[in-house]
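Structure file work.pdb; described as PDB, C-alpha atoms, pLDDT in the B column.
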ATOM      1  CA  MET O 128      -0.408  21.697 -17.039  1.00 49.00           C
ATOM      2  CA  ALA O 129       0.117  22.530 -13.366  1.00 58.00           C
ATOM      3  CA  GLU O 130       3.207  21.104 -11.718  1.00 63.00           C
ATOM      4  CA  LYS O 131       2.517  18.728  -8.845  1.00 68.00           C
ATOM      5  CA  LYS O 132       4.185  19.639  -5.581  1.00 73.00           C
ATOM      6  CA  CYS O 133       5.269  16.693  -3.471  1.00 78.00           C
ATOM      7  CA  ILE O 134       5.579  16.815   0.276  1.00 80.00           C
ATOM      8  CA  ASN O 135       8.913  15.959   1.802  1.00 86.00           C
ATOM      9  CA  PRO O 136       8.899  12.242   2.812  1.00 87.00           C
ATOM     10  CA  ASN O 137      10.075  13.108   6.334  1.00 89.00           C
ATOM     11  CA  GLN O 138       7.275  15.640   6.741  1.00 90.00           C
ATOM     12  CA  LEU O 139       4.776  13.092   5.445  1.00 88.00           C
ATOM     13  CA  LEU O 140       5.969  10.549   8.006  1.00 90.00           C
ATOM     14  CA  ILE O 141       5.591  13.103  10.812  1.00 92.00           C
ATOM     15  CA  TRP O 142       2.053  14.017   9.654  1.00 91.00           C
ATOM     16  CA  ILE O 143       1.066  10.343   9.495  1.00 91.00           C
ATOM     17  CA  ALA O 144       2.419   9.801  13.007  1.00 93.00           C
ATOM     18  CA  PHE O 145       0.470  12.817  14.336  1.00 93.00           C
ATOM     19  CA  ILE O 146      -2.738  11.658  12.664  1.00 92.00           C
ATOM     20  CA  SER O 147      -2.269   8.142  14.046  1.00 93.00           C
ATOM     21  CA  ILE O 148      -1.749   9.451  17.571  1.00 94.00           C
ATOM     22  CA  ILE O 149      -4.778  11.756  17.347  1.00 94.00           C
ATOM     23  CA  ILE O 150      -7.010   8.932  16.108  1.00 93.00           C
ATOM     24  CA  ALA O 151      -5.731   6.339  18.601  1.00 95.00           C
ATOM     25  CA  GLU O 152      -5.459   8.414  21.797  1.00 94.00           C
ATOM     26  CA  ASN O 153      -9.178   8.368  22.674  1.00 93.00           C
ATOM     27  CA  LEU O 154      -9.853   4.761  21.626  1.00 94.00           C
ATOM     28  CA  THR O 155      -9.737   1.597  23.675  1.00 95.00           C
ATOM     29  CA  SER O 156      -7.351  -1.161  22.686  1.00 95.00           C
ATOM     30  CA  ASP O 157     -10.171  -3.053  20.930  1.00 95.00           C
ATOM     31  CA  GLU O 158     -11.277   0.085  19.100  1.00 95.00           C
ATOM     32  CA  GLN O 159      -7.705   0.793  18.032  1.00 95.00           C
ATOM     33  CA  GLU O 160      -7.450  -2.724  16.642  1.00 95.00           C
ATOM     34  CA  PHE O 161     -10.782  -2.336  14.829  1.00 95.00           C
ATOM     35  CA  VAL O 162      -9.910   1.045  13.305  1.00 94.00           C
ATOM     36  CA  GLY O 163      -6.440  -0.199  12.360  1.00 94.00           C
ATOM     37  CA  ASN O 164      -7.921  -3.231  10.624  1.00 94.00           C
ATOM     38  CA  ILE O 165     -10.491  -1.096   8.778  1.00 94.00           C
ATOM     39  CA  LEU O 166      -7.795   1.313   7.583  1.00 93.00           C
ATOM     40  CA  GLY O 167      -5.637  -1.658   6.566  1.00 94.00           C
ATOM     41  CA  VAL O 168      -8.461  -3.113   4.460  1.00 93.00           C
ATOM     42  CA  ILE O 169      -9.091   0.277   2.863  1.00 94.00           C
ATOM     43  CA  SER O 170      -5.402   0.659   1.991  1.00 92.00           C
ATOM     44  CA  GLU O 171      -5.254  -2.873   0.547  1.00 93.00           C
ATOM     45  CA  ASN O 172      -8.301  -2.157  -1.624  1.00 92.00           C
ATOM     46  CA  ILE O 173      -6.817   1.115  -2.849  1.00 92.00           C
ATOM     47  CA  LEU O 174      -3.563  -0.666  -3.741  1.00 92.00           C
ATOM     48  CA  LEU O 175      -5.525  -3.400  -5.535  1.00 91.00           C
ATOM     49  CA  ILE O 176      -7.448  -0.801  -7.545  1.00 91.00           C
ATOM     50  CA  GLN O 177      -4.186   0.971  -8.423  1.00 90.00           C
ATOM     51  CA  SER O 178      -2.654  -2.322  -9.512  1.00 90.00           C
ATOM     52  CA  LEU O 179      -5.636  -3.159 -11.712  1.00 88.00           C
ATOM     53  CA  ASN O 180      -5.613   0.325 -13.248  1.00 88.00           C
ATOM     54  CA  GLN O 181      -1.899   0.049 -13.969  1.00 86.00           C
ATOM     55  CA  GLN O 182      -2.428  -3.384 -15.476  1.00 83.00           C
ATOM     56  CA  GLY O 183      -5.215  -1.983 -17.643  1.00 77.00           C
ATOM     57  CA  GLU O 184      -2.960   0.826 -18.861  1.00 75.00           C
ATOM     58  CA  GLU O 185      -0.206  -1.671 -19.668  1.00 74.00           C
ATOM     59  CA  ASN O 186      -2.715  -3.862 -21.511  1.00 72.00           C
ATOM     60  CA  ASP O 187      -3.906  -0.842 -23.515  1.00 68.00           C
ATOM     61  CA  GLU O 188      -0.295  -0.088 -24.469  1.00 69.00           C
ATOM     62  CA  TYR O 189       0.248  -3.762 -25.363  1.00 66.00           C
ATOM     63  CA  ASP O 190      -2.956  -3.849 -27.435  1.00 68.00           C
ATOM     64  CA  SER O 191      -1.909  -0.714 -29.301  1.00 68.00           C
ATOM     65  CA  SER O 192       1.543  -2.138 -29.966  1.00 68.00           C
ATOM     66  CA  ASN O 193       0.047  -5.509 -30.908  1.00 73.00           C
ATOM     67  CA  ASN O 194      -2.368  -3.828 -33.346  1.00 76.00           C
ATOM     68  CA  ASP O 195       0.548  -1.990 -34.972  1.00 77.00           C
ATOM     69  CA  ASN O 196       2.466  -5.266 -35.317  1.00 80.00           C
ATOM     70  CA  THR O 197      -0.593  -7.007 -36.737  1.00 82.00           C
ATOM     71  CA  LYS O 198      -1.060  -4.250 -39.324  1.00 83.00           C
ATOM     72  CA  GLN O 199       2.601  -4.447 -40.315  1.00 86.00           C
ATOM     73  CA  MET O 200       2.360  -8.216 -40.686  1.00 86.00           C
ATOM     74  CA  GLN O 201      -0.817  -7.892 -42.767  1.00 87.00           C
ATOM     75  CA  ASP O 202       0.919  -5.339 -45.005  1.00 86.00           C
ATOM     76  CA  GLN O 203       3.825  -7.751 -45.484  1.00 87.00           C
ATOM     77  CA  ILE O 204       1.420 -10.585 -46.306  1.00 88.00           C
ATOM     78  CA  ASP O 205      -0.336  -8.392 -48.867  1.00 88.00           C
ATOM     79  CA  GLU O 206       3.018  -7.486 -50.442  1.00 89.00           C
ATOM     80  CA  LEU O 207       3.957 -11.162 -50.628  1.00 88.00           C
ATOM     81  CA  LYS O 208       0.619 -11.992 -52.259  1.00 88.00           C
ATOM     82  CA  GLU O 209       1.223  -9.317 -54.889  1.00 89.00           C
ATOM     83  CA  TYR O 210       4.731 -10.624 -55.470  1.00 84.00           C
ATOM     84  CA  ILE O 211       3.424 -14.193 -55.872  1.00 86.00           C
ATOM     85  CA  LYS O 212       0.792 -12.964 -58.350  1.00 86.00           C
ATOM     86  CA  SER O 213       3.469 -11.186 -60.382  1.00 86.00           C
ATOM     87  CA  LEU O 214       5.574 -14.378 -60.399  1.00 83.00           C
ATOM     88  CA  GLU O 215       2.537 -16.412 -61.510  1.00 82.00           C
ATOM     89  CA  ARG O 216       1.929 -13.961 -64.375  1.00 84.00           C
ATOM     90  CA  ARG O 217       5.550 -14.317 -65.466  1.00 81.00           C
ATOM     91  CA  LEU O 218       5.236 -18.088 -65.409  1.00 77.00           C
ATOM     92  CA  ASP O 219       2.035 -17.946 -67.426  1.00 78.00           C
ATOM     93  CA  GLU O 220       3.841 -15.836 -70.057  1.00 78.00           C
ATOM     94  CA  LEU O 221       6.523 -18.494 -70.509  1.00 71.00           C
TER
END
Representation of the structure as C-alpha cells:
Amino acid sequence: MAEKKCINPNQLLIWIAFISIIIAENLTSDEQEFVGNILGVISENILLIQSLNQQGEENDEYDSSNNDNTKQMQDQIDELKEYIKSLERRLDEL
C-alpha cells in the first residue's frame, strides 16, 4: 500500500491564504460574502458527511462486537441447558 505524504501544516496555511486572496481579489464585497458563504456551506456538508461515515464505521464495529457477544452468550446458554438436562437425568435416576 502506498504511503500517504502529508503537506506541512504551515505550507498548507500559506496555500490556503494564496487561494483565498486569488479568489477574493477580483470580487466585490457582496460577491466575496456570497462565495464565502457558499464555501462555508460546502465545508459544513463535507464535515457532516465525514461525521456520518465515521459514525457508520463505529456502528459497524459495535455491531460486529455485539454479534460476537451475542454468540458467546448463546453458547453459554446452550451449555447451561445441557448441564440442566444432565442434572435432570441424574435426578430421574434417583
May I ask for the distance between atom CA of Asp195 of chain O and atom CA of Ser213 of chain O, given in Å to one decimal place?
27.2 Å
Between atom CA of Ile165 of chain O and atom CA of Ile146 of chain O, measure the distance and give it in Å to one decimal.
15.4 Å
For atom CA of Leu221 of chain O and atom CA of Lys208 of chain O, quote the distance in Å rounded to one decimal.
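Taking atom CA of Leu221 of chain O and atom CA of Lys208 of chain O, their separation equals 20.3 Å.
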Given 4 Å of margin on each side, can you work out the centre and size in Å (one decimal) of an axis-aligned box holding every listed atom of segment 167-176 of chain O, as AutoDock Vina command-line options?
--center_x -6.3 --center_y -1.1 --center_z -0.5 --size_x 13.5 --size_y 12.5 --size_z 22.1
Could I get segment 163-199 of chain O rebuilt with N, CA and C atoms, written as a PDB file, keeping the file's coordinate frame?
ATOM      1  N   GLY O 163      -7.651   0.179  13.098  1.00 94.00           N
ATOM      2  CA  GLY O 163      -6.440  -0.199  12.360  1.00 94.00           C
ATOM      3  C   GLY O 163      -6.728  -1.228  11.282  1.00 94.00           C
ATOM      4  N   ASN O 164      -7.556  -2.214  11.620  1.00 94.00           N
ATOM      5  CA  ASN O 164      -7.921  -3.231  10.624  1.00 94.00           C
ATOM      6  C   ASN O 164      -8.727  -2.624   9.480  1.00 94.00           C
ATOM      7  N   ILE O 165      -9.681  -1.739   9.816  1.00 94.00           N
ATOM      8  CA  ILE O 165     -10.491  -1.096   8.778  1.00 94.00           C
ATOM      9  C   ILE O 165      -9.594  -0.287   7.836  1.00 94.00           C
ATOM     10  N   LEU O 166      -8.698   0.507   8.414  1.00 93.00           N
ATOM     11  CA  LEU O 166      -7.795   1.313   7.583  1.00 93.00           C
ATOM     12  C   LEU O 166      -6.870   0.423   6.748  1.00 93.00           C
ATOM     13  N   GLY O 167      -6.465  -0.714   7.319  1.00 94.00           N
ATOM     14  CA  GLY O 167      -5.637  -1.658   6.566  1.00 94.00           C
ATOM     15  C   GLY O 167      -6.375  -2.227   5.366  1.00 94.00           C
ATOM     16  N   VAL O 168      -7.649  -2.577   5.558  1.00 93.00           N
ATOM     17  CA  VAL O 168      -8.461  -3.113   4.460  1.00 93.00           C
ATOM     18  C   VAL O 168      -8.660  -2.045   3.383  1.00 93.00           C
ATOM     19  N   ILE O 169      -8.926  -0.817   3.824  1.00 94.00           N
ATOM     20  CA  ILE O 169      -9.091   0.277   2.863  1.00 94.00           C
ATOM     21  C   ILE O 169      -7.818   0.460   2.048  1.00 94.00           C
ATOM     22  N   SER O 170      -6.662   0.464   2.718  1.00 92.00           N
ATOM     23  CA  SER O 170      -5.402   0.659   1.991  1.00 92.00           C
ATOM     24  C   SER O 170      -5.134  -0.504   1.033  1.00 92.00           C
ATOM     25  N   GLU O 171      -5.443  -1.723   1.442  1.00 93.00           N
ATOM     26  CA  GLU O 171      -5.254  -2.873   0.547  1.00 93.00           C
ATOM     27  C   GLU O 171      -6.143  -2.759  -0.682  1.00 93.00           C
ATOM     28  N   ASN O 172      -7.392  -2.317  -0.489  1.00 92.00           N
ATOM     29  CA  ASN O 172      -8.301  -2.157  -1.624  1.00 92.00           C
ATOM     30  C   ASN O 172      -7.830  -1.059  -2.567  1.00 92.00           C
ATOM     31  N   ILE O 173      -7.332   0.031  -2.009  1.00 92.00           N
ATOM     32  CA  ILE O 173      -6.817   1.115  -2.849  1.00 92.00           C
ATOM     33  C   ILE O 173      -5.621   0.623  -3.659  1.00 92.00           C
ATOM     34  N   LEU O 174      -4.721  -0.133  -3.023  1.00 92.00           N
ATOM     35  CA  LEU O 174      -3.563  -0.666  -3.741  1.00 92.00           C
ATOM     36  C   LEU O 174      -3.986  -1.670  -4.813  1.00 92.00           C
ATOM     37  N   LEU O 175      -5.019  -2.461  -4.540  1.00 91.00           N
ATOM     38  CA  LEU O 175      -5.525  -3.400  -5.535  1.00 91.00           C
ATOM     39  C   LEU O 175      -6.103  -2.648  -6.727  1.00 91.00           C
ATOM     40  N   ILE O 176      -6.873  -1.607  -6.469  1.00 91.00           N
ATOM     41  CA  ILE O 176      -7.448  -0.801  -7.545  1.00 91.00           C
ATOM     42  C   ILE O 176      -6.336  -0.173  -8.381  1.00 91.00           C
ATOM     43  N   GLN O 177      -5.317   0.370  -7.714  1.00 90.00           N
ATOM     44  CA  GLN O 177      -4.186   0.971  -8.423  1.00 90.00           C
ATOM     45  C   GLN O 177      -3.497  -0.061  -9.299  1.00 90.00           C
ATOM     46  N   SER O 178      -3.308  -1.261  -8.760  1.00 90.00           N
ATOM     47  CA  SER O 178      -2.654  -2.322  -9.512  1.00 90.00           C
ATOM     48  C   SER O 178      -3.467  -2.699 -10.746  1.00 90.00           C
ATOM     49  N   LEU O 179      -4.778  -2.814 -10.579  1.00 88.00           N
ATOM     50  CA  LEU O 179      -5.636  -3.159 -11.712  1.00 88.00           C
ATOM     51  C   LEU O 179      -5.647  -2.054 -12.756  1.00 88.00           C
ATOM     52  N   ASN O 180      -5.659  -0.789 -12.307  1.00 88.00           N
ATOM     53  CA  ASN O 180      -5.613   0.325 -13.248  1.00 88.00           C
ATOM     54  C   ASN O 180      -4.304   0.327 -14.022  1.00 88.00           C
ATOM     55  N   GLN O 181      -3.203   0.085 -13.315  1.00 86.00           N
ATOM     56  CA  GLN O 181      -1.899   0.049 -13.969  1.00 86.00           C
ATOM     57  C   GLN O 181      -1.846  -1.096 -14.972  1.00 86.00           C
ATOM     58  N   GLN O 182      -2.403  -2.227 -14.587  1.00 83.00           N
ATOM     59  CA  GLN O 182      -2.428  -3.384 -15.476  1.00 83.00           C
ATOM     60  C   GLN O 182      -3.253  -3.069 -16.722  1.00 83.00           C
ATOM     61  N   GLY O 183      -4.384  -2.369 -16.511  1.00 77.00           N
ATOM     62  CA  GLY O 183      -5.215  -1.983 -17.643  1.00 77.00           C
ATOM     63  C   GLY O 183      -4.494  -1.047 -18.593  1.00 77.00           C
ATOM     64  N   GLU O 184      -3.733  -0.094 -18.035  1.00 75.00           N
ATOM     65  CA  GLU O 184      -2.960   0.826 -18.861  1.00 75.00           C
ATOM     66  C   GLU O 184      -1.894   0.069 -19.643  1.00 75.00           C
ATOM     67  N   GLU O 185      -1.233  -0.878 -18.987  1.00 74.00           N
ATOM     68  CA  GLU O 185      -0.206  -1.671 -19.668  1.00 74.00           C
ATOM     69  C   GLU O 185      -0.835  -2.526 -20.765  1.00 74.00           C
ATOM     70  N   ASN O 186      -2.029  -3.066 -20.496  1.00 72.00           N
ATOM     71  CA  ASN O 186      -2.715  -3.862 -21.511  1.00 72.00           C
ATOM     72  C   ASN O 186      -3.108  -2.998 -22.697  1.00 72.00           C
ATOM     73  N   ASP O 187      -3.554  -1.753 -22.429  1.00 68.00           N
ATOM     74  CA  ASP O 187      -3.906  -0.842 -23.515  1.00 68.00           C
ATOM     75  C   ASP O 187      -2.683  -0.555 -24.385  1.00 68.00           C
ATOM     76  N   GLU O 188      -1.526  -0.329 -23.727  1.00 69.00           N
ATOM     77  CA  GLU O 188      -0.295  -0.088 -24.469  1.00 69.00           C
ATOM     78  C   GLU O 188       0.084  -1.327 -25.276  1.00 69.00           C
ATOM     79  N   TYR O 189      -0.071  -2.516 -24.669  1.00 66.00           N
ATOM     80  CA  TYR O 189       0.248  -3.762 -25.363  1.00 66.00           C
ATOM     81  C   TYR O 189      -0.676  -3.953 -26.552  1.00 66.00           C
ATOM     82  N   ASP O 190      -1.989  -3.696 -26.348  1.00 68.00           N
ATOM     83  CA  ASP O 190      -2.956  -3.849 -27.435  1.00 68.00           C
ATOM     84  C   ASP O 190      -2.628  -2.919 -28.593  1.00 68.00           C
ATOM     85  N   SER O 191      -2.260  -1.683 -28.269  1.00 68.00           N
ATOM     86  CA  SER O 191      -1.909  -0.714 -29.301  1.00 68.00           C
ATOM     87  C   SER O 191      -0.689  -1.189 -30.079  1.00 68.00           C
ATOM     88  N   SER O 192       0.328  -1.638 -29.336  1.00 68.00           N
ATOM     89  CA  SER O 192       1.543  -2.138 -29.966  1.00 68.00           C
ATOM     90  C   SER O 192       1.248  -3.390 -30.785  1.00 68.00           C
ATOM     91  N   ASN O 193       0.418  -4.270 -30.226  1.00 73.00           N
ATOM     92  CA  ASN O 193       0.047  -5.509 -30.908  1.00 73.00           C
ATOM     93  C   ASN O 193      -0.719  -5.205 -32.189  1.00 73.00           C
ATOM     94  N   ASN O 194      -1.618  -4.210 -32.154  1.00 76.00           N
ATOM     95  CA  ASN O 194      -2.368  -3.828 -33.346  1.00 76.00           C
ATOM     96  C   ASN O 194      -1.437  -3.298 -34.422  1.00 76.00           C
ATOM     97  N   ASP O 195      -0.429  -2.501 -34.017  1.00 77.00           N
ATOM     98  CA  ASP O 195       0.548  -1.990 -34.972  1.00 77.00           C
ATOM     99  C   ASP O 195       1.314  -3.140 -35.610  1.00 77.00           C
ATOM    100  N   ASN O 196       1.733  -4.108 -34.793  1.00 80.00           N
ATOM    101  CA  ASN O 196       2.466  -5.266 -35.317  1.00 80.00           C
ATOM    102  C   ASN O 196       1.593  -6.084 -36.260  1.00 80.00           C
ATOM    103  N   THR O 197       0.323  -6.246 -35.899  1.00 82.00           N
ATOM    104  CA  THR O 197      -0.593  -7.007 -36.737  1.00 82.00           C
ATOM    105  C   THR O 197      -0.775  -6.324 -38.092  1.00 82.00           C
ATOM    106  N   LYS O 198      -0.912  -5.003 -38.073  1.00 83.00           N
ATOM    107  CA  LYS O 198      -1.060  -4.250 -39.324  1.00 83.00           C
ATOM    108  C   LYS O 198       0.191  -4.396 -40.183  1.00 83.00           C
ATOM    109  N   GLN O 199       1.353  -4.299 -39.561  1.00 86.00           N
ATOM    110  CA  GLN O 199       2.601  -4.447 -40.315  1.00 86.00           C
ATOM    111  C   GLN O 199       2.689  -5.837 -40.933  1.00 86.00           C
TER     112      GLN O 199
END
